[in-house]
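**Student:** Sharing input.pdb here; it has PDB, C-alpha atoms.
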```pdb
ATOM      1  CA  MET A   1     125.866  87.804  91.678  1.00  0.00           C
ATOM      2  CA  LEU A   2     127.202  84.460  92.949  1.00  0.00           C
ATOM      3  CA  ASP A   3     129.454  82.231  90.879  1.00  0.00           C
ATOM      4  CA  ILE A   4     127.684  78.919  91.563  1.00  0.00           C
ATOM      5  CA  ASP A   5     126.647  75.888  89.552  1.00  0.00           C
ATOM      6  CA  PRO A   6     123.566  76.923  87.503  1.00  0.00           C
ATOM      7  CA  ARG A   7     121.824  73.664  88.512  1.00  0.00           C
ATOM      8  CA  TRP A   8     121.706  74.813  92.144  1.00  0.00           C
ATOM      9  CA  GLU A   9     118.516  76.405  93.441  1.00  0.00           C
ATOM     10  CA  LEU A  10     119.217  78.948  96.162  1.00  0.00           C
ATOM     11  CA  VAL A  11     116.762  79.047  99.046  1.00  0.00           C
ATOM     12  CA  ALA A  12     118.367  81.882 101.019  1.00  0.00           C
ATOM     13  CA  TYR A  13     120.804  84.749 100.578  1.00  0.00           C
ATOM     14  CA  LEU A  14     122.324  85.468 103.982  1.00  0.00           C
ATOM     15  CA  CYS A  15     124.784  88.182 104.935  1.00  0.00           C
ATOM     16  CA  VAL A  16     126.925  88.380 108.046  1.00  0.00           C
ATOM     17  CA  GLY A  17     128.746  91.575 108.935  1.00  0.00           C
ATOM     18  CA  TYR A  18     128.664  95.057 107.500  1.00  0.00           C
ATOM     19  CA  PRO A  19     127.971  95.845 103.822  1.00  0.00           C
ATOM     20  CA  GLN A  20     130.891  96.805 101.625  1.00  0.00           C
ATOM     21  CA  ASP A  21     128.863  99.660 100.090  1.00  0.00           C
ATOM     22  CA  PRO A  22     126.244 101.097 102.511  1.00  0.00           C
ATOM     23  CA  SER A  23     122.917 101.975 100.855  1.00  0.00           C
ATOM     24  CA  ASP A  24     119.402 102.989 101.896  1.00  0.00           C
ATOM     25  CA  THR A  25     118.043 100.521  99.315  1.00  0.00           C
ATOM     26  CA  PRO A  26     118.228  96.803 100.225  1.00  0.00           C
ATOM     27  CA  GLU A  27     120.602  94.787  98.025  1.00  0.00           C
ATOM     28  CA  LEU A  28     117.922  92.369  96.831  1.00  0.00           C
ATOM     29  CA  GLN A  29     115.847  95.321  95.646  1.00  0.00           C
ATOM     30  CA  ARG A  30     118.845  96.914  93.885  1.00  0.00           C
ATOM     31  CA  ARG A  31     119.508  93.643  92.048  1.00  0.00           C
ATOM     32  CA  GLY A  32     115.866  93.152  91.028  1.00  0.00           C
ATOM     33  CA  TRP A  33     115.222  90.064  93.186  1.00  0.00           C
ATOM     34  CA  GLU A  34     112.630  91.513  95.572  1.00  0.00           C
ATOM     35  CA  GLN A  35     110.891  94.757  96.463  1.00  0.00           C
ATOM     36  CA  ARG A  36     110.862  96.219  99.965  1.00  0.00           C
ATOM     37  CA  ASN A  37     107.752  95.298 101.962  1.00  0.00           C
ATOM     38  CA  PRO A  38     106.308  97.616 104.603  1.00  0.00           C
ATOM     39  CA  ALA A  39     107.177  96.332 108.098  1.00  0.00           C
ATOM     40  CA  ARG A  40     103.500  96.142 109.054  1.00  0.00           C
ATOM     41  CA  GLN A  41     103.040  93.343 106.517  1.00  0.00           C
ATOM     42  CA  GLN A  42     105.838  91.310 108.106  1.00  0.00           C
ATOM     43  CA  TRP A  43     104.340  91.062 111.616  1.00  0.00           C
ATOM     44  CA  ILE A  44     102.091  88.159 112.558  1.00  0.00           C
ATOM     45  CA  ALA A  45      99.736  88.829 115.487  1.00  0.00           C
ATOM     46  CA  ARG A  46      98.488  85.829 117.458  1.00  0.00           C
TER      47      ARG A  46
END
```
Could you spell out this file's structure in structure tokens?

**Tutor:**
Amino acid sequence: MLDIDPRWELVAYLCVGYPQDPSDTPELQRRGWEQRNPARQQWIAR
């Protein structure tokens, strides 16, 4: 996906702006990096 030195270890994949190809499926899921998590699992109640 990114043409970087293979010795690098990415810690984030950040996007700014609008996607080139709009999709209902997140890009990381389409590329096999991560599956979509339900929003309720992302909230932390204190």

**Student:** Rounded to one decimal in Å, what is the spacing between atom CA of A:Gln29 and atom CA of A:Gly17?

**Tutor:**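 Taking atom CA of A:Gln29 as the start and atom CA of A:Gly17 as the end point, the length is 18.9 Å.
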
**Student:** Can you work out the spacing between atom CA of A:Asn37 and atom CA of A:Thr25 in Å, to one decimal?

**Tutor:** 11.8 Å

**Student:** For the atom pair atom CA of A:Pro22 and atom CA of A:Arg36, what is the interatomic distance in Å to one decimal place?

**Tutor:** 16.3 Å

**Student:** Write out as a compact mmCIF listing (two decimals) with C-alpha atoms, in the coordinates of the input the residues lying within 12 Å of A:Ala12, counting all atoms listed in the file and excluding same-chain residues fewer than 4 positions away.

**Tutor:**
```
# COMPACT_ATOMS: atom_id res chain seq x y z
CA TRP A 8 121.71 74.81 92.14
CA LEU A 28 117.92 92.37 96.83
CA TRP A 33 115.22 90.06 93.19
```
